[in-house]
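Structure, as structure tokens:
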Amino acid sequence: MSASAEAVGRRANDTDSEVGLWIFLASEVMFFGLLFYGYTITRINHPQAFADASAHTDLLLGSVNAFVLFTSSLTMALAARSLRLGAQRASVRLLAATLALGILFLAIKCYEYHVDIESHLVPWGDFAVSGRLAGGERLFFFMYFVMTGAHAIHLTVGLGVLSVMLVGVARGTYTEQNSQAVELAALYWALVDTVWIFLYPILYLVHRP
Amino acid sequence: MSTAIAEPAAPEPQSNYLTNGYSLWSWLTTTDHKRIAILYGVTITAFFFIGGAAATLMRLELVSPTPILMSAGTYNKLFTAHGVIMVWFFLIPSIPATLGNFLIPLMVGAKDVALPRVNLLSWYVFALGGCFVIVTLIAGGIDTGWTFYTPYSTRFSQTQVIYGLVGVFVTGFSSIMTGLNFIVTVHRLRAPGLTWFRLPLFVWAIYATSIILVLATPVLAMTLLLLAMQRVFGLGIFDATLGGDPVLFQHMFWFYSHPAVYIMVLPAMGVASEVITCFARKPVFGYRTMAYAIAAIAAFGFMVWGHHMFVAGQSLYASLVFSFLSYIVAIPSAIKVFNWTATLYKGSITFEAPMLYALGFVGLFLIGGLTGLYLASLGMDVDLSRTYFVVAHFHYIMVGGSVMAYFAGLHFWWPKITGKLYSESGSRLAAIVIFVGFNLTFFPQFILGIEGMPRRYFEYSPHFQFLNILSSAGASILAAGYVLPLIYLTWSALHGARAPDNPWGAKGLEWQTRSPPPVENFDAPPSIPERPYDYDPEAAEEARR
Ligand SMILES: [Cu+2]
């Protein structure tokens, strides 16, 4: 691109991509926001059923997963920062740790789904709860699967992005001067993390003694 | 355009975005915003005529109060196909994805949109969503209406609801990508010196539209996903048998679908501002209030969705608030109409085809907007919401408003887009035929509504027949009116005379470059005017004498 062409108009640069990513995150917030809205209204209509149903979730697995994911957010932020400061090897290690923690989260989540299925908590089909509140509890587990499922899909996409970043930093495609992609990946990962901050209490901690 | 024809033809053809590769492959892999605009243009034109064909069949059936052509089920499928296709596959992408795509980078003095590959991807996603809709039609269609209200859509309908939901869901992502691209482009790629209040109102309008696209479309996508799950698994939070709430679906649906009206109308307002100021040769009256009005409409548009649910069992207090806020939206809308009128006042007006379409837009939008006030009032709405009055009202906004403005813009920028001129008399004739046909089609529907004819009905009481025949007669005129541009614009693209760079003597940056523009939009840096729309009506009067 010649200097005179530059004056006519320019191509997108790093800041543009960052603006774009923030707008993308805004649309993601609206995606999840709709689910939170649906959850809230349904819970207002069925307070007791939601409290009872929440007690059927596996608090231990959910809490461990929260810890795993929040830790991955720390390693991700440090990975981006290390790269910006020129510590390429540290960045690679931290990215690998983030990736491992993300995979661990998914593995635990899959095991938890397995337990849920074994305990007949899948709201379609043969449901464990019967009685007066069964309808509301089904709706709780409907939202539980939809919301954690949507979260898991986002997390899986994030794992793909992280893998690309890991290879890129290891090979030197992304460097101290060219750290934008990694920082954007970190922003996205923070969204995945933030969603779980909200999902964890509303799914696992409803009216726990 | 008379002055334009008198000008000598432009010199030797130079390379431009159209000559940059002729193969189909070069089009399907382009990241040039101008070519992507044309890809969108061709696609939505096809959908426009499919959706229009469905409407034509409905109007034919409604000539008689008793069945003549089809079964009631087919009729339901036709109005659903018409609604789904016209809303999501024509109106939503119409001005933003075609004219917006072509013009936004030119108007801000950029080489392309901020994320050109995302731009191309958005078209593929749109086409994929369109494929699902075509598959739906081939597989027998849907009979739920474009609103997909549950429980009918989830529990009772025997038609291909899932395909249709997937089609709309997928298409939503193309909307989000387009909106995101425009927001970044307007924020980041404006030429040096082109401040916000030097931007054309079209850019303001598309920018506001993009914000709605990015924030509202995800809500629709998730809502339809929940609906689809409820249909597939037989349970969900809209399912009243389990304690779910069908009205919740309506809240979610209209949280998107009311702002969607502004996705369709704000760009139309942007086009009208550009065209009216040019052919009145006068700066837009109250430029800043126009810009603020656009922002206000976009903001308040998010807070009025409940006016679609006055009879759906929502709380009276909610209805009162939604009613009040709906009146509030009328204020910035009225400001715009007043300002267009004031722009015309003491202007040096000429009536080229784009101007005829734009004036048609203002008049029809005015009627659509005023009848909207009837529907915003609680008492009137309870009576009118199930009648043809609503059908007439929103067609005045969407067809009389958005489609007219789309045609105004298409005719205004056609010489820039194609580098060709079109038939002057043919285009003026088409504008008038469409205006007459439109009013004859939809004005009788206001009367039908007031007399109590229910909408979506297949058979009706015989005393409504006369007005229905009038409406159907109007529809055939309207259909002819829509075929005319297809003919003369196609002819123009193939054999039209070469257009000069600025046939209208218009002021935007897009008119400073060649027609058609070069691949990277400008050969030399465009000069940024001190203020937008620097027209001089007195000088224009002098020149005409
Ligand atoms: Cu509305």
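In the structure tokens, chains take letters A, B, ... by order of appearance, with residues numbered from 1 within each chain and ligands from 1 in the order shown.
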
Find the residues around B:Gln14 up to 10 Å (only C-alpha atoms counted), leave out those fewer than 5 positions away in its own chain, and share them as a PyMOL selection string. chain B and resi 19+514-518

List all protein, DNA and RNA residues that have any atom at most 6 Å from ligand 1, counting only C-alpha atoms and all ligand atoms, and write the list as a tab-separated table (two decimals) with N, CA and C atoms, in the first residue's frame.
chain	number	residue	atom	x	y	z
B	258	HIS	N	-40.15	-5.72	17.18
B	258	HIS	CA	-40.45	-4.30	17.04
B	258	HIS	C	-39.23	-3.50	16.61
B	305	TRP	N	-41.96	-2.80	22.64
B	305	TRP	CA	-42.43	-4.05	22.03
B	305	TRP	C	-43.80	-4.50	22.55
B	308	HIS	N	-47.48	-4.80	20.94
B	308	HIS	CA	-48.00	-5.90	20.13
B	308	HIS	C	-48.81	-6.87	20.97

| request: Would you mind reading off the distance between atom CA of B:Val382 and atom CA of B:Met309, one decimal, in Å? | output: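 Answer for the atom CA of B:Val382 to atom CA of B:Met309 separation: 9.7 Å.
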
From a DSSP calculation on the backbone, collect every residue of stretch 29-220 of chain B in helix (DSSP H, G or I) and output the set as a ChimeraX atom specification. /B:33-61,72-107,116-138,152-156,161-188,196-198,201-220

Problem - Test item: residues at most 7 Å from A:Gln88, only C-alpha atoms, excluding those fewer than 5 positions along its chain, as a ChimeraX atom specification - result: /A:82-83,169

Store the residues picked out above, limited to N, CA and C atoms, as a PDB file, in the first residue's frame.
ATOM      1  N   SER A  82       2.135 -11.766  29.146  1.00  0.00           N
ATOM      2  CA  SER A  82       3.511 -12.219  28.932  1.00  0.00           C
ATOM      3  C   SER A  82       3.948 -11.955  27.503  1.00  0.00           C
ATOM      4  N   LEU A  83       3.048 -12.256  26.584  1.00  0.00           N
ATOM      5  CA  LEU A  83       3.415 -12.065  25.181  1.00  0.00           C
ATOM      6  C   LEU A  83       3.687 -10.589  24.911  1.00  0.00           C
ATOM      7  N   VAL A 169       1.836 -18.681  18.811  1.00  0.00           N
ATOM      8  CA  VAL A 169       2.860 -18.097  19.689  1.00  0.00           C
ATOM      9  C   VAL A 169       4.104 -18.979  19.696  1.00  0.00           C
TER      10      VAL A 169
END

Near stretch 404-415 of chain B, counting only C-alpha atoms, which residues have an atom at most 7 Å away, once you skip same-chain residues fewer than 6 positions from it, shown as a PyMOL selection string? chain B and resi 95+268+271-272+353-355+357-358+360-361+421+499+515

Applying 9 Å and only C-alpha atoms, which residues near stretch 531-538 of chain B remain after dropping the ones on its own chain fewer than 6 positions away? List them as a list of chain:residue names.
B:Phe197, B:Arg198, B:Leu199, B:Pro200, B:Leu201, B:Glu274, B:Thr277, B:Cys278, B:Ala280, B:Arg281, B:Lys282, B:Pro283, B:Val284, B:Tyr287, B:Lys346, B:Gly347, B:Ser348, B:Ile349, B:Ala506, B:Lys507, B:Gly508

Save out the residues we just selected, C-alpha atoms, as a tab-separated table (two decimals), in the first residue's frame.
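Result went into again38.tsv, see below:
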chain	number	residue	atom	x	y	z
B	197	PHE	CA	-21.62	15.85	12.17
B	198	ARG	CA	-20.20	16.00	8.68
B	199	LEU	CA	-21.47	12.51	7.89
B	200	PRO	CA	-24.44	12.09	5.57
B	201	LEU	CA	-27.65	11.18	7.37
B	274	GLU	CA	-30.17	12.05	0.77
B	277	THR	CA	-31.97	17.33	-0.22
B	278	CYS	CA	-30.38	16.63	-3.61
B	280	ALA	CA	-34.59	20.22	-3.64
B	281	ARG	CA	-31.04	21.59	-4.06
B	282	LYS	CA	-31.21	22.64	-0.45
B	283	PRO	CA	-29.31	21.50	2.66
B	284	VAL	CA	-31.28	19.16	4.90
B	287	TYR	CA	-29.36	18.34	10.15
B	346	LYS	CA	-38.18	27.21	-1.04
B	347	GLY	CA	-36.07	24.53	-2.64
B	348	SER	CA	-35.37	24.32	-6.35
B	349	ILE	CA	-37.27	21.09	-6.80
B	506	ALA	CA	-25.09	15.61	-5.64
B	507	LYS	CA	-22.76	16.39	-2.78
B	508	GLY	CA	-21.73	13.17	-0.99

Can you build me a table of chain B residues sitting at most 7 Å from chain A, with the closest atom pair per residue and its distance in Å to one decimal, using only C-alpha atoms, sorted by chain and residue number, as a Markdown table?
| residue | atom | partner | partner_atom | distance |
| --- | --- | --- | --- | --- |
| B:Gly109 | CA | A:Gly9 | CA | 6.0 |
| B:Ala110 | CA | A:Gly9 | CA | 4.2 |
| B:Lys111 | CA | A:Gly9 | CA | 5.2 |
| B:Ala114 | CA | A:Ala12 | CA | 5.1 |
| B:Leu115 | CA | A:Ala12 | CA | 6.8 |
| B:Leu180 | CA | A:Ile23 | CA | 6.4 |
| B:Val184 | CA | A:Gly20 | CA | 5.8 |
| B:Arg188 | CA | A:Asp16 | CA | 6.3 |
| B:Leu189 | CA | A:Arg10 | CA | 6.9 |
| B:Ala191 | CA | A:Gly9 | CA | 6.3 |
| B:Val214 | CA | A:Ser27 | CA | 5.5 |
| B:Leu215 | CA | A:Ser27 | CA | 5.3 |
| B:Pro218 | CA | A:Phe31 | CA | 4.9 |
| B:Val219 | CA | A:Phe31 | CA | 5.6 |
| B:Met222 | CA | A:Phe31 | CA | 6.2 |
| B:Phe233 | CA | A:Trp124 | CA | 6.3 |
| B:Leu235 | CA | A:Trp124 | CA | 6.9 |
| B:Gly236 | CA | A:Leu139 | CA | 6.3 |
| B:Ile237 | CA | A:Leu139 | CA | 6.0 |
| B:Leu242 | CA | A:Gly135 | CA | 4.5 |
| B:Gly243 | CA | A:Gly135 | CA | 6.2 |
| B:Gly244 | CA | A:Thr42 | CA | 6.8 |
| B:Phe522 | CA | A:Val8 | CA | 6.5 |
| B:Ala524 | CA | A:Val8 | CA | 6.4 |
| B:Pro525 | CA | A:Val8 | CA | 4.4 |

Review point. Which polymer residues have any atom within 8 Å of an atom of A:Leu155, counting only C-alpha atoms, with same-chain residues fewer than 5 positions away left out, as a ChimeraX atom specification?
Key: /A:102,189,192

Write to file, as a JSON list (two decimals), in the first residue's frame, the residues of the selection just made, with C-alpha atoms.
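See again39.json below for the written result:
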[["chain", "number", "residue", "atom", "x", "y", "z"],
["A", 102, "GLY", "CA", -10.54, -25.57, 29.53],
["A", 189, "TRP", "CA", -12.21, -16.24, 27.00],
["A", 192, "VAL", "CA", -16.90, -17.44, 28.57]]

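Picture a line from atom CA of B:Ile477 to atom CA of B:Tyr457; it runs 23.1 Å.
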
Discussion item. Give me, as a VMD selection string, all polymer residues having an atom no more than 10 Å from B:Leu121, counting only C-alpha atoms and skipping those fewer than 4 positions away in the same chain.
Written reply: chain B and resid 29 31 36 116 to 117 125 to 127 173 to 174 177 to 178

Generate a file of the selected residues that holds N, CA, C and O atoms, formatted as a PDB file, in the first residue's frame.
ATOM      1  N   THR B  29     -15.835 -15.111  -4.632  1.00  0.00           N
ATOM      2  CA  THR B  29     -14.731 -15.031  -3.677  1.00  0.00           C
ATOM      3  C   THR B  29     -14.323 -13.582  -3.415  1.00  0.00           C
ATOM      4  O   THR B  29     -13.298 -13.331  -2.806  1.00  0.00           O
ATOM      5  N   THR B  31     -13.990  -9.884  -1.864  1.00  0.00           N
ATOM      6  CA  THR B  31     -14.198  -9.241  -0.559  1.00  0.00           C
ATOM      7  C   THR B  31     -14.487  -7.751  -0.762  1.00  0.00           C
ATOM      8  O   THR B  31     -14.503  -6.984   0.191  1.00  0.00           O
ATOM      9  N   ILE B  36     -20.067  -7.377  -3.051  1.00  0.00           N
ATOM     10  CA  ILE B  36     -20.916  -8.084  -2.080  1.00  0.00           C
ATOM     11  C   ILE B  36     -22.303  -7.435  -2.056  1.00  0.00           C
ATOM     12  O   ILE B  36     -23.321  -8.115  -1.958  1.00  0.00           O
ATOM     13  N   PRO B 116     -13.622  -7.016   5.619  1.00  0.00           N
ATOM     14  CA  PRO B 116     -14.173  -7.444   4.314  1.00  0.00           C
ATOM     15  C   PRO B 116     -14.499  -8.928   4.239  1.00  0.00           C
ATOM     16  O   PRO B 116     -15.493  -9.311   3.623  1.00  0.00           O
ATOM     17  N   ARG B 117     -13.679  -9.765   4.882  1.00  0.00           N
ATOM     18  CA  ARG B 117     -13.966 -11.197   4.776  1.00  0.00           C
ATOM     19  C   ARG B 117     -15.221 -11.566   5.563  1.00  0.00           C
ATOM     20  O   ARG B 117     -16.003 -12.413   5.144  1.00  0.00           O
ATOM     21  N   VAL B 125     -23.733 -16.808   4.707  1.00  0.00           N
ATOM     22  CA  VAL B 125     -24.633 -17.228   5.776  1.00  0.00           C
ATOM     23  C   VAL B 125     -26.075 -16.878   5.398  1.00  0.00           C
ATOM     24  O   VAL B 125     -26.998 -17.668   5.590  1.00  0.00           O
ATOM     25  N   PHE B 126     -26.238 -15.678   4.824  1.00  0.00           N
ATOM     26  CA  PHE B 126     -27.565 -15.270   4.373  1.00  0.00           C
ATOM     27  C   PHE B 126     -28.105 -16.251   3.334  1.00  0.00           C
ATOM     28  O   PHE B 126     -29.259 -16.697   3.404  1.00  0.00           O
ATOM     29  N   ALA B 127     -27.245 -16.609   2.383  1.00  0.00           N
ATOM     30  CA  ALA B 127     -27.673 -17.529   1.325  1.00  0.00           C
ATOM     31  C   ALA B 127     -28.020 -18.895   1.906  1.00  0.00           C
ATOM     32  O   ALA B 127     -28.984 -19.536   1.477  1.00  0.00           O
ATOM     33  N   PHE B 173     -27.445 -14.517  11.834  1.00  0.00           N
ATOM     34  CA  PHE B 173     -26.018 -14.295  11.989  1.00  0.00           C
ATOM     35  C   PHE B 173     -25.465 -13.393  10.889  1.00  0.00           C
ATOM     36  O   PHE B 173     -24.512 -12.647  11.115  1.00  0.00           O
ATOM     37  N   SER B 174     -26.065 -13.457   9.703  1.00  0.00           N
ATOM     38  CA  SER B 174     -25.600 -12.541   8.654  1.00  0.00           C
ATOM     39  C   SER B 174     -25.956 -11.106   9.029  1.00  0.00           C
ATOM     40  O   SER B 174     -25.179 -10.183   8.787  1.00  0.00           O
ATOM     41  N   MET B 177     -23.353  -9.939  11.546  1.00  0.00           N
ATOM     42  CA  MET B 177     -22.060  -9.650  10.916  1.00  0.00           C
ATOM     43  C   MET B 177     -22.099  -8.343  10.147  1.00  0.00           C
ATOM     44  O   MET B 177     -21.165  -7.541  10.198  1.00  0.00           O
ATOM     45  N   THR B 178     -23.198  -8.123   9.423  1.00  0.00           N
ATOM     46  CA  THR B 178     -23.310  -6.882   8.665  1.00  0.00           C
ATOM     47  C   THR B 178     -23.316  -5.677   9.600  1.00  0.00           C
ATOM     48  O   THR B 178     -22.594  -4.694   9.386  1.00  0.00           O
TER      49      THR B 178
END

Counting only C-alpha atoms, closest pick from B:Asn119, B:Thr513, B:Asn468, B:Ser476 relative to B:Ala55 is B:Ser476

- request: Please indicate the distance in Å from atom CA of B:Ala497 to atom CA of B:Ser423, rounded to one decimal place.
  value: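 Atom-to-atom, atom CA of B:Ala497 and atom CA of B:Ser423 are spaced 9.5 Å apart.
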